[in-house]
$ cat structure01.tsv   # TSV, C-alpha atoms
chain	number	residue	atom	x	y	z
A	164	MET	CA	25.42	106.52	-71.88
A	165	THR	CA	25.51	110.29	-72.37
A	166	GLN	CA	22.15	111.86	-73.25
A	167	VAL	CA	22.26	113.97	-76.42
A	168	PHE	CA	19.86	116.93	-76.41
A	169	ASN	CA	18.27	118.19	-79.60
A	170	SER	CA	17.68	121.80	-78.60
A	171	THR	CA	18.50	124.49	-76.09
A	172	ALA	CA	14.95	124.20	-74.72
A	173	GLU	CA	15.40	120.50	-73.99
A	174	THR	CA	18.74	121.15	-72.32
A	175	ASN	CA	17.16	123.87	-70.17
A	176	GLN	CA	14.27	121.61	-69.15
A	177	ALA	CA	16.70	118.88	-68.09
A	178	MET	CA	18.76	121.40	-66.09
A	179	GLN	CA	15.67	122.71	-64.33
A	180	ALA	CA	14.55	119.14	-63.59
A	181	GLN	CA	17.92	118.50	-61.98
A	182	GLN	CA	17.58	121.69	-59.94
A	183	ILE	CA	14.13	120.93	-58.58
A	184	LEU	CA	15.18	117.39	-57.66
A	185	SER	CA	18.32	118.44	-55.82
A	186	GLN	CA	17.89	121.90	-54.27
A	187	PRO	CA	15.20	124.26	-52.90
A	188	CYS	CA	13.22	125.75	-55.80
A	189	ILE	CA	10.18	127.88	-56.46
A	190	SER	CA	8.04	127.52	-59.56
A	191	ARG	CA	5.30	129.80	-60.88
A	192	LEU	CA	2.17	127.78	-61.65
A	193	PRO	CA	0.24	129.80	-64.24
A	194	SER	CA	-1.90	126.80	-65.23
A	195	LEU	CA	-3.64	126.88	-61.82
A	196	SER	CA	-6.34	129.26	-60.59
A	197	ILE	CA	-8.46	129.76	-57.48
A	198	LEU	CA	-12.23	129.39	-57.18
A	199	ARG	CA	-13.41	130.71	-53.80
A	200	VAL	CA	-16.48	129.29	-52.04
A	201	LYS	CA	-17.77	131.90	-49.58
A	202	GLY	CA	-20.31	131.72	-46.78
A	203	SER	CA	-20.97	130.14	-43.41
A	204	ASN	CA	-22.38	127.01	-45.08
A	205	SER	CA	-19.57	126.59	-47.63
A	206	ALA	CA	-18.31	123.43	-45.88
A	207	LYS	CA	-21.78	121.86	-46.14
A	208	LEU	CA	-22.05	122.78	-49.81
A	209	LEU	CA	-18.71	121.20	-50.69
A	210	HIS	CA	-19.22	118.21	-48.38
A	211	GLY	CA	-22.22	117.14	-50.43
A	212	GLN	CA	-20.49	117.59	-53.78
A	213	VAL	CA	-16.90	116.33	-53.54
A	214	THR	CA	-15.10	113.12	-52.61
A	215	GLN	CA	-13.19	114.60	-49.66
A	216	ASN	CA	-14.42	114.80	-46.05
A	217	ILE	CA	-14.65	118.60	-46.05
A	218	GLU	CA	-16.36	118.96	-42.67
A	219	LYS	CA	-13.35	117.40	-40.91
A	220	MET	CA	-10.82	119.82	-42.41
A	221	GLN	CA	-8.90	122.11	-40.05
A	222	GLN	CA	-8.19	125.80	-40.57
A	223	GLY	CA	-5.37	126.30	-43.06
A	224	GLU	CA	-5.38	122.62	-44.08
A	225	LEU	CA	-5.15	121.48	-47.72
A	226	LYS	CA	-6.76	118.32	-49.09
A	227	GLN	CA	-7.07	116.85	-52.58
A	228	ALA	CA	-10.55	116.11	-53.94
A	229	ALA	CA	-12.65	115.41	-57.01
A	230	ALA	CA	-16.10	116.63	-58.02
A	231	CYS	CA	-18.16	114.14	-60.01
A	232	SER	CA	-21.29	113.77	-62.07
A	233	PRO	CA	-24.19	111.64	-60.74
A	234	LYS	CA	-22.62	108.75	-62.70
A	235	GLY	CA	-19.39	109.09	-60.71
A	236	ARG	CA	-17.35	110.58	-63.55
A	237	ILE	CA	-14.94	113.35	-62.59
A	238	TYR	CA	-15.63	116.78	-64.02
A	239	ALA	CA	-13.00	118.56	-61.91
A	240	THR	CA	-10.16	117.85	-59.50
A	241	PHE	CA	-8.59	120.35	-57.12
A	242	TYR	CA	-6.84	121.08	-53.86
A	243	VAL	CA	-9.25	122.39	-51.20
A	244	VAL	CA	-7.85	124.90	-48.70
A	245	HIS	CA	-9.82	125.80	-45.56
A	246	GLN	CA	-9.72	129.62	-45.20
A	247	GLY	CA	-11.84	130.74	-42.24
A	248	GLU	CA	-15.49	130.33	-43.20
A	249	ASP	CA	-14.46	130.12	-46.85
A	250	PHE	CA	-12.74	127.48	-48.97
A	251	ASP	CA	-10.35	127.96	-51.86
A	252	LEU	CA	-10.39	125.42	-54.67
A	253	ILE	CA	-7.00	125.39	-56.42
A	254	LEU	CA	-7.64	123.86	-59.81
A	255	PRO	CA	-6.48	123.88	-63.43
A	256	THR	CA	-7.72	127.08	-65.07
A	257	SER	CA	-9.29	125.09	-67.90
A	258	THR	CA	-11.78	123.52	-65.46
A	259	LEU	CA	-12.65	126.68	-63.53
A	260	ASP	CA	-15.69	127.75	-65.59
A	261	THR	CA	-17.29	124.30	-65.57
A	262	THR	CA	-16.71	123.91	-61.83
A	263	LEU	CA	-18.10	127.38	-61.14
A	264	GLN	CA	-21.22	126.75	-63.23
A	265	THR	CA	-21.87	123.33	-61.70
A	266	LEU	CA	-21.40	124.33	-58.05
A	267	ASN	CA	-23.46	127.48	-58.63
A	268	LYS	CA	-26.49	125.24	-59.13
A	269	PHE	CA	-26.28	124.29	-55.44
A	270	ALA	CA	-24.90	127.51	-53.93
A	271	PRO	CA	-28.31	129.23	-53.40
A	272	LEU	CA	-29.52	126.26	-51.34
A	273	TYR	CA	-26.69	126.91	-48.87
A	274	ARG	CA	-26.68	130.72	-49.15
A	275	CYS	CA	-23.12	130.58	-50.47
A	276	GLN	CA	-21.36	132.58	-53.16
A	277	LEU	CA	-18.74	131.39	-55.63
A	278	GLU	CA	-16.03	133.81	-56.73
A	279	ASP	CA	-13.67	133.45	-59.67
A	280	ALA	CA	-10.40	134.60	-58.05
A	281	GLN	CA	-8.00	133.68	-60.86
A	282	THR	CA	-6.92	137.29	-61.41
A	283	GLN	CA	-6.70	138.11	-57.70
A	284	TYR	CA	-4.21	135.39	-56.72
A	285	SER	CA	-1.20	133.65	-58.22
A	286	LEU	CA	0.13	130.21	-57.27
A	287	LEU	CA	3.72	129.18	-56.65
A	288	GLY	CA	5.07	125.71	-56.01
A	289	TYR	CA	7.81	125.15	-53.42
A	290	ASN	CA	9.59	121.78	-53.50
A	291	ARG	CA	9.87	121.64	-49.71
A	292	ALA	CA	7.25	121.32	-46.97
A	293	GLU	CA	9.03	123.34	-44.29
A	294	ALA	CA	7.78	126.87	-43.73
A	295	LEU	CA	9.48	129.67	-45.62
A	296	THR	CA	10.60	132.52	-43.37
A	297	ASP	CA	9.84	136.22	-43.79
A	298	LEU	CA	6.83	135.72	-46.07
A	299	PRO	CA	4.40	138.67	-46.14
A	300	ASP	CA	1.31	138.11	-44.01
A	301	THR	CA	-0.80	138.19	-47.17
A	302	VAL	CA	1.00	135.14	-48.64
A	303	LYS	CA	-0.21	131.75	-47.41
A	304	GLN	CA	1.86	128.55	-47.53
A	305	VAL	CA	0.01	125.22	-47.50
A	306	VAL	CA	1.51	121.71	-47.52
A	307	LEU	CA	0.52	119.31	-50.30
A	308	PRO	CA	-0.82	115.78	-49.57
A	309	ASP	CA	2.52	114.07	-50.31
A	310	GLN	CA	3.96	116.05	-47.34
A	311	SER	CA	7.15	116.85	-49.27
A	312	ARG	CA	6.04	120.03	-51.10
A	313	SER	CA	3.90	123.09	-50.59
A	314	LEU	CA	2.00	125.80	-52.45
A	315	LEU	CA	2.15	129.56	-51.93
A	316	ILE	CA	-1.03	131.58	-52.48
A	317	CYS	CA	0.03	135.13	-53.32
A	318	PRO	CA	-2.02	138.24	-54.18
A	319	SER	CA	-1.21	138.83	-57.85
A	320	GLU	CA	-0.14	142.45	-57.33
A	321	GLN	CA	2.55	141.21	-54.92
A	322	LEU	CA	3.88	138.40	-57.10
A	323	SER	CA	6.80	140.29	-58.68
A	324	ALA	CA	8.04	141.50	-55.32
A	325	LEU	CA	7.70	138.05	-53.78
A	326	LEU	CA	9.64	136.41	-56.63
A	327	ALA	CA	12.37	139.03	-56.30
A	328	GLN	CA	12.57	138.32	-52.56
A	329	LEU	CA	12.66	134.53	-52.99
A	330	SER	CA	15.16	134.58	-55.88
A	331	GLY	CA	17.83	135.65	-53.42
A	332	GLN	CA	17.51	132.38	-51.50
A	333	LEU	CA	15.94	129.87	-53.95
A	334	SER	CA	16.24	128.88	-57.61
A	335	ILE	CA	13.30	129.87	-59.80
A	336	VAL	CA	12.22	127.16	-62.27
A	337	ASP	CA	9.43	126.88	-64.84
A	338	GLU	CA	6.20	124.95	-64.37
A	339	PRO	CA	7.29	121.84	-66.38
A	340	ALA	CA	9.90	121.12	-63.69
A	341	TRP	CA	7.13	121.22	-61.07
A	342	GLN	CA	5.08	118.82	-63.18
A	343	LEU	CA	7.93	116.32	-62.97
A	344	LEU	CA	7.46	116.30	-59.19
A	345	ASN	CA	3.73	115.63	-59.68
A	346	ILE	CA	4.61	112.69	-61.91
A	347	ARG	CA	7.11	111.33	-59.39
A	348	ALA	CA	4.43	111.70	-56.65
A	349	GLY	CA	1.86	109.90	-58.82
A	350	GLN	CA	-0.64	112.76	-58.50
A	351	VAL	CA	-2.56	114.60	-61.19
A	352	LEU	CA	-5.24	117.28	-61.56
A	353	ILE	CA	-7.23	116.82	-64.75
A	354	GLU	CA	-7.75	119.41	-67.47
A	355	GLN	CA	-11.11	120.22	-69.08
A	356	SER	CA	-10.27	117.99	-72.07
A	357	GLN	CA	-10.16	115.01	-69.66
A	358	SER	CA	-13.45	115.82	-67.94
A	359	ASP	CA	-16.19	113.16	-67.64
A	360	GLN	CA	-13.84	110.28	-68.56
A	361	PHE	CA	-12.67	108.79	-65.27
A	362	ILE	CA	-13.98	107.74	-61.90
A	363	PRO	CA	-11.70	108.84	-59.02
A	364	GLN	CA	-10.13	105.40	-58.49
A	365	MET	CA	-8.79	105.51	-62.06
A	366	LEU	CA	-6.60	108.39	-60.86
A	367	ASN	CA	-5.65	106.41	-57.71
A	368	TYR	CA	-7.47	108.94	-55.53
A	369	GLN	CA	-8.39	106.23	-53.02
A	370	ALA	CA	-4.65	105.67	-52.44
A	371	VAL	CA	-3.68	109.32	-51.88
A	372	GLY	CA	-6.39	110.20	-49.37
A	373	ALA	CA	-8.68	112.04	-51.81
A	374	ILE	CA	-11.80	109.86	-51.34
A	375	SER	CA	-13.70	109.44	-48.07
A	376	PHE	CA	-15.64	106.18	-47.89
A	377	LYS	CA	-17.07	107.12	-44.47
A	378	LYS	CA	-18.62	110.56	-45.02
A	379	GLY	CA	-21.96	109.49	-46.46
A	380	CYS	CA	-23.74	110.74	-49.56
A	381	TYR	CA	-22.29	113.09	-52.16
A	382	THR	CA	-22.82	113.39	-55.90
A	383	GLY	CA	-21.52	110.24	-57.61
A	384	GLN	CA	-20.92	108.43	-54.29
A	385	GLU	CA	-22.91	105.30	-55.15
A	386	THR	CA	-20.94	104.58	-58.32
A	387	ILE	CA	-17.61	105.30	-56.62
A	388	ALA	CA	-18.37	103.04	-53.66
A	389	ARG	CA	-19.62	100.22	-55.89
A	390	ALA	CA	-16.45	100.38	-57.99
A	391	GLN	CA	-14.31	100.22	-54.84
A	392	TYR	CA	-16.04	97.29	-53.17
A	393	ARG	CA	-17.17	95.26	-56.17
A	394	GLY	CA	-13.99	95.42	-58.23
A	395	GLY	CA	-15.20	97.68	-61.00
A	396	VAL	CA	-11.90	99.49	-61.63
A	397	ARG	CA	-10.03	98.05	-64.61
A	398	LYS	CA	-7.75	100.97	-65.46
A	399	ARG	CA	-5.52	103.09	-63.25
A	400	LEU	CA	-2.96	105.89	-63.21
A	401	GLN	CA	0.57	104.66	-63.91
A	402	PRO	CA	3.96	106.40	-64.36
A	403	LEU	CA	5.82	105.71	-67.60
A	404	LEU	CA	9.24	106.53	-69.06
A	405	GLN	CA	10.14	107.28	-72.67
A	406	ASP	CA	13.87	106.94	-73.24
A	407	SER	CA	14.09	109.96	-75.55
A	408	ALA	CA	13.63	113.72	-75.42
A	409	GLU	CA	10.74	113.82	-77.89
A	410	ALA	CA	7.91	115.68	-76.15
A	411	ILE	CA	4.76	113.76	-75.20
A	412	THR	CA	1.57	115.78	-75.45
A	413	VAL	CA	-1.19	115.53	-72.85
A	414	GLY	CA	-4.04	113.54	-74.38
A	415	THR	CA	-1.73	111.32	-76.46
A	416	LEU	CA	-3.07	107.76	-76.65
A	417	ILE	CA	-1.05	104.67	-75.70
A	418	TYR	CA	-1.16	101.41	-77.63
A	419	VAL	CA	-0.01	97.82	-77.27
A	420	ALA	CA	2.12	96.55	-80.14
A	421	GLY	CA	0.00	94.71	-82.68
A	422	HIS	CA	-3.34	96.15	-81.53
A	423	ASP	CA	-5.32	99.02	-83.03
A	424	GLU	CA	-7.34	99.88	-79.93
A	425	ALA	CA	-5.80	102.35	-77.47
A	426	VAL	CA	-5.17	101.05	-73.95
A	427	GLY	CA	-4.44	104.34	-72.23
A	428	GLU	CA	-4.18	108.13	-72.34
A	429	VAL	CA	-1.44	110.51	-71.15
A	430	LEU	CA	-2.64	112.96	-68.48
A	431	LEU	CA	0.68	114.63	-67.62
A	432	ALA	CA	4.18	114.65	-69.12
A	433	ALA	CA	7.51	116.37	-68.41
A	434	SER	CA	11.23	116.10	-69.08
A	435	ASN	CA	13.41	114.54	-66.39
A	436	GLU	CA	16.96	115.39	-65.41
A	437	GLN	CA	18.38	113.09	-68.12
A	438	GLY	CA	16.34	114.70	-70.90
A	439	GLN	CA	13.95	111.76	-71.12
A	440	GLN	CA	10.18	112.10	-70.98
A	441	GLU	CA	8.23	110.87	-67.96
A	442	CYS	CA	4.45	110.81	-67.88
A	443	LEU	CA	1.35	109.75	-65.98
A	444	ALA	CA	-1.25	107.85	-67.96
A	445	VAL	CA	-4.45	106.00	-67.18
A	446	LEU	CA	-3.85	102.45	-68.47
A	447	LYS	CA	-5.95	99.32	-68.66
A	448	ASP	CA	-4.78	96.72	-66.13
A	449	SER	CA	-4.69	94.13	-68.91
A	450	ALA	CA	-1.97	96.15	-70.72
A	451	LEU	CA	0.50	96.52	-67.87
A	452	GLU	CA	2.65	93.56	-68.91
A	453	GLN	CA	2.44	94.29	-72.63
A	454	SER	CA	4.76	96.25	-74.94
A	455	LEU	CA	3.47	99.83	-74.64
A	456	HIS	CA	3.93	102.49	-77.32
A	457	VAL	CA	3.10	106.19	-77.43
A	458	GLY	CA	0.90	107.65	-80.17
A	459	THR	CA	0.60	104.54	-82.35
A	460	GLN	CA	1.30	100.83	-82.00
A	461	GLN	CA	4.60	101.51	-83.82
A	462	GLY	CA	5.43	104.56	-81.72
A	463	VAL	CA	8.30	104.99	-79.26
A	464	GLN	CA	8.23	102.29	-76.61
A	465	LEU	CA	7.40	103.18	-73.02
A	466	LYS	CA	8.71	101.60	-69.84
A	467	LEU	CA	6.36	101.11	-66.90
A	468	LEU	CA	7.69	102.70	-63.69
A	469	PRO	CA	6.68	101.78	-60.12
A	470	LEU	CA	4.08	103.85	-58.31
A	471	PRO	CA	5.34	105.68	-55.19
A	472	TYR	CA	2.43	104.27	-53.13
A	473	GLY	CA	0.25	101.17	-52.84
A	474	LEU	CA	-3.22	101.07	-54.33
A	475	GLU	CA	-5.05	100.23	-51.12
A	476	LYS	CA	-7.55	102.85	-49.97
A	477	ILE	CA	-6.66	105.24	-47.18
A	478	ASP	CA	-9.43	105.46	-44.58
A	479	ILE	CA	-10.44	109.07	-44.06

$ encode --input "structure01.tsv" --output "C-alpha cells"
Amino acid sequence: MTQVFNSTAETNQAMQAQQILSQPCISRLPSLSILRVKGSNSAKLLHGQVTQNIEKMQQGELKQAAACSPKGRIYATFYVVHQGEDFDLILPTSTLDTTLQTLNKFAPLYRCQLEDAQTQYSLLGYNRAEALTDLPDTVKQVVLPDQSRSLLICPSEQLSALLAQLSGQLSIVDEPAWQLLNIRAGQVLIEQSQSDQFIPQMLNYQAVGAISFKKGCYTGQETIARAQYRGGVRKRLQPLLQDSAEAITVGTLIYVAGHDEAVGEVLLAASNEQGQQECLAVLKDSALEQSLHVGTQQGVQLKLLPLPYGLEKIDI
C-alpha cells in the first residue's frame, strides 16, 4: 500500500531515512555535547563512577556507559572516548550540567578537572564504520559499539569546512535520520527529563556491553548487580512501530487497551523510510503481549518489533 504523507516535512524525513539506510551519509548531531575529564587520574575517577570498565579502555577507543545514583538509577548516559590521559564523555546536552556537577564532587579527590567543551567541539554521525580518508588531523573518528557506525569529533570552528569537504562525497542528512539508526540498533542515550528513572538493565545496557560485572565497586553497583542476578528487572527497552506518520514525542506514555495505568514511556522516536514512526520505549514485561497504544489507551496502536540483540549480559 502506498504511504500518503501529510506534509513536505514528513516527506523529507522519509527521504532522508531512505538515504541513511541505503548510502553513505553524514549527520550533524547538535543534541550531543562533550564533557572532558582531564588529568592523570581521570581513568580512576570514571572507573569508580560509571558502569563501564574504564581502566581497560585502549587509546582512541569508544565505549558506552551510564552514571548512576547510589540507588542504581541512571542520571546520565554517554559514550566514553579515551583521549591520551583525558577522557571525553559524549552525551546529550541536556544532561551535561548535571553530569558536570555530580562528577565535580569527586574530581578533587583524584586531582582531575572537568571541562564543559560543548562550544569547542561539534559531533557528526557517519553511518559507516570504515575510516574516512583525508580527514584533517584535528578531526577524530571513533567507531560506535554496534560496529556499523562512527562519530566524528570536530573542532567547531572547522565544522563548516569539514561539511563542505564531506558533501562532495557523502549525503548530508538531519539528526532525526541518525536517530532512526539508533532505534534500529536498540541503543539510546537518555535526556535530562528521563534522569533518575531507570536502572541500566532497563535500557538493555547489559546486552550492549555497557555494564561490567567484573570491575568491582562503583556508585550504584550493588543495586545493579542484585537486579541482574536476582531477577529484579521487570521492564526493558523495546522497539515499536506506529503505522502512521503522526509524530511521537519523547516522554509520551504507552498504555494497554482497557487500562488506565501507563505501561511504558517513549525514549526515542523517528520517521522511517515509509513515513511511519519507529520508537524505543521502556515497557513492562507484562505488557509485551498486550494491545499497546500511544498516548492514551485509545491512542494509535503500536506494533512490537524484534530487538537486534539478545538480552543476555556481555561479559566485559

$ closest_residue --input "structure01.tsv" --among "A:Ala373, A:Leu451, A:Leu343, A:Cys317" --to "Thr214 (chain A)" --atoms "all atoms listed in the file"
A:Ala373

$ closest_residue --input "structure01.tsv" --among "A:Leu254, A:Leu307, A:Ala327, A:Ala180" --to "Gln281 (chain A)" --atoms "all atoms listed in the file"
A:Leu254

$ closest_residue --input "structure01.tsv" --among "A:Ser196, A:Ser449, A:Gln276, A:Ser319" --to "Gly427 (chain A)" --atoms "all atoms listed in the file"
A:Ser449

$ residues_near_point --input "structure01.tsv" --point "(-2.7, 119.0, -61.7)" --cutoff "8 Å" --atoms "only C-alpha atoms" --output "PyMOL selection string"
chain A and resi 195+240-241+254-255+342+345+350-354

$ closest_residue --input "structure01.tsv" --among "A:Asn175, A:Gln453, A:Asn216, A:Gln440" --to "Val426 (chain A)" --atoms "all atoms listed in the file"
A:Gln453

$ residues_around --input "structure01.tsv" --residues "region 203-205 of chain A" --least-positions-apart "3" --cutoff "8 Å" --atoms "all atoms listed in the file" --output "list in words"
Val200, Leu208, Leu209, Glu248, Asp249, Phe250, Tyr273, Arg274 and Cys275 of chain A

$ write_last_selection --input "structure01.tsv" --atoms "C-alpha atoms" --output "JSON list (two decimals), in the coordinates of the input"
[["chain", "number", "residue", "atom", "x", "y", "z"],
["A", 200, "VAL", "CA", -16.48, 129.29, -52.04],
["A", 208, "LEU", "CA", -22.05, 122.78, -49.81],
["A", 209, "LEU", "CA", -18.71, 121.20, -50.69],
["A", 248, "GLU", "CA", -15.49, 130.33, -43.20],
["A", 249, "ASP", "CA", -14.46, 130.12, -46.85],
["A", 250, "PHE", "CA", -12.74, 127.48, -48.97],
["A", 273, "TYR", "CA", -26.69, 126.91, -48.87],
["A", 274, "ARG", "CA", -26.68, 130.72, -49.15],
["A", 275, "CYS", "CA", -23.12, 130.58, -50.47]]

$ residues_around --input "structure01.tsv" --residues "Lys398 (chain A)" --least-positions-apart "6" --cutoff "6 Å" --atoms "only C-alpha atoms" --output "PyMOL selection string"
chain A and resi 365+446-448

$ atom_distance --input "structure01.tsv" --atom1 "CA of Gln179 (chain A)" --atom2 "CA of Leu443 (chain A)"
19.4 Å

$ closest_residue --input "structure01.tsv" --among "A:Val213, A:Ala340, A:Val306, A:Leu366" --to "Gly438 (chain A)" --atoms "all atoms listed in the file"
A:Ala340

$ residues_around --input "structure01.tsv" --residues "region 224-231 of chain A" --least-positions-apart "5" --cutoff "8 Å" --atoms "all atoms listed in the file" --output "list in words"
Gln212, Val213, Thr214, Gln215, Arg236, Ile237, Tyr238, Ala239, Thr240, Phe241, Tyr242, Val243, Val244, His245, Val305, Val306, Leu307, Pro308, Asp359, Ile362, Pro363, Tyr368, Gly372, Ala373, Ile374, Thr382 and Gly383 of chain A

$ residues_around --input "structure01.tsv" --residues "Ala450 (chain A)" --least-positions-apart "2" --cutoff "12 Å" --atoms "all atoms listed in the file" --output "compact mmCIF listing (two decimals) with C-alpha atoms, keeping the file's coordinate frame"
# COMPACT_ATOMS: atom_id res chain seq x y z
CA ARG A 397 -10.03 98.05 -64.61
CA LYS A 398 -7.75 100.97 -65.46
CA ARG A 399 -5.52 103.09 -63.25
CA GLN A 401 0.57 104.66 -63.91
CA ILE A 417 -1.05 104.67 -75.70
CA TYR A 418 -1.16 101.41 -77.63
CA VAL A 419 -0.01 97.82 -77.27
CA ALA A 420 2.12 96.55 -80.14
CA HIS A 422 -3.34 96.15 -81.53
CA GLU A 424 -7.34 99.88 -79.93
CA ALA A 425 -5.80 102.35 -77.47
CA VAL A 426 -5.17 101.05 -73.95
CA GLY A 427 -4.44 104.34 -72.23
CA VAL A 445 -4.45 106.00 -67.18
CA LEU A 446 -3.85 102.45 -68.47
CA LYS A 447 -5.95 99.32 -68.66
CA ASP A 448 -4.78 96.72 -66.13
CA GLU A 452 2.65 93.56 -68.91
CA GLN A 453 2.44 94.29 -72.63
CA SER A 454 4.76 96.25 -74.94
CA LEU A 455 3.47 99.83 -74.64
CA HIS A 456 3.93 102.49 -77.32
CA LEU A 465 7.40 103.18 -73.02
CA LEU A 467 6.36 101.11 -66.90

$ closest_residue --input "structure01.tsv" --among "A:Gln264, A:Gln439, A:Thr296, A:Ser375" --to "Asp478 (chain A)" --atoms "all atoms listed in the file"
A:Ser375

$ atom_distance --input "structure01.tsv" --atom1 "CA of Gln364 (chain A)" --atom2 "CA of Tyr381 (chain A)"
15.7 Å

$ atom_distance --input "structure01.tsv" --atom1 "CA of Glu173 (chain A)" --atom2 "CA of Tyr472 (chain A)"
29.4 Å

$ residues_around --input "structure01.tsv" --residues "Leu184 (chain A)" --least-positions-apart "6" --cutoff "12 Å" --atoms "only C-alpha atoms" --output "PDB file with C-alpha atoms, in the frame of the given file"
ATOM      1  CA  ALA A 177      16.700 118.880 -68.090  1.00  0.00           C
ATOM      2  CA  MET A 178      18.760 121.400 -66.090  1.00  0.00           C
ATOM      3  CA  TYR A 289       7.810 125.150 -53.420  1.00  0.00           C
ATOM      4  CA  ASN A 290       9.590 121.780 -53.500  1.00  0.00           C
ATOM      5  CA  ARG A 291       9.870 121.640 -49.710  1.00  0.00           C
ATOM      6  CA  SER A 311       7.150 116.850 -49.270  1.00  0.00           C
ATOM      7  CA  ARG A 312       6.040 120.030 -51.100  1.00  0.00           C
ATOM      8  CA  SER A 334      16.240 128.880 -57.610  1.00  0.00           C
ATOM      9  CA  VAL A 336      12.220 127.160 -62.270  1.00  0.00           C
ATOM     10  CA  ALA A 340       9.900 121.120 -63.690  1.00  0.00           C
ATOM     11  CA  TRP A 341       7.130 121.220 -61.070  1.00  0.00           C
ATOM     12  CA  GLN A 342       5.080 118.820 -63.180  1.00  0.00           C
ATOM     13  CA  LEU A 343       7.930 116.320 -62.970  1.00  0.00           C
ATOM     14  CA  LEU A 344       7.460 116.300 -59.190  1.00  0.00           C
ATOM     15  CA  ASN A 345       3.730 115.630 -59.680  1.00  0.00           C
ATOM     16  CA  ARG A 347       7.110 111.330 -59.390  1.00  0.00           C
ATOM     17  CA  ASN A 435      13.410 114.540 -66.390  1.00  0.00           C
ATOM     18  CA  GLU A 436      16.960 115.390 -65.410  1.00  0.00           C
ATOM     19  CA  GLN A 437      18.380 113.090 -68.120  1.00  0.00           C
TER      20      GLN A 437
END
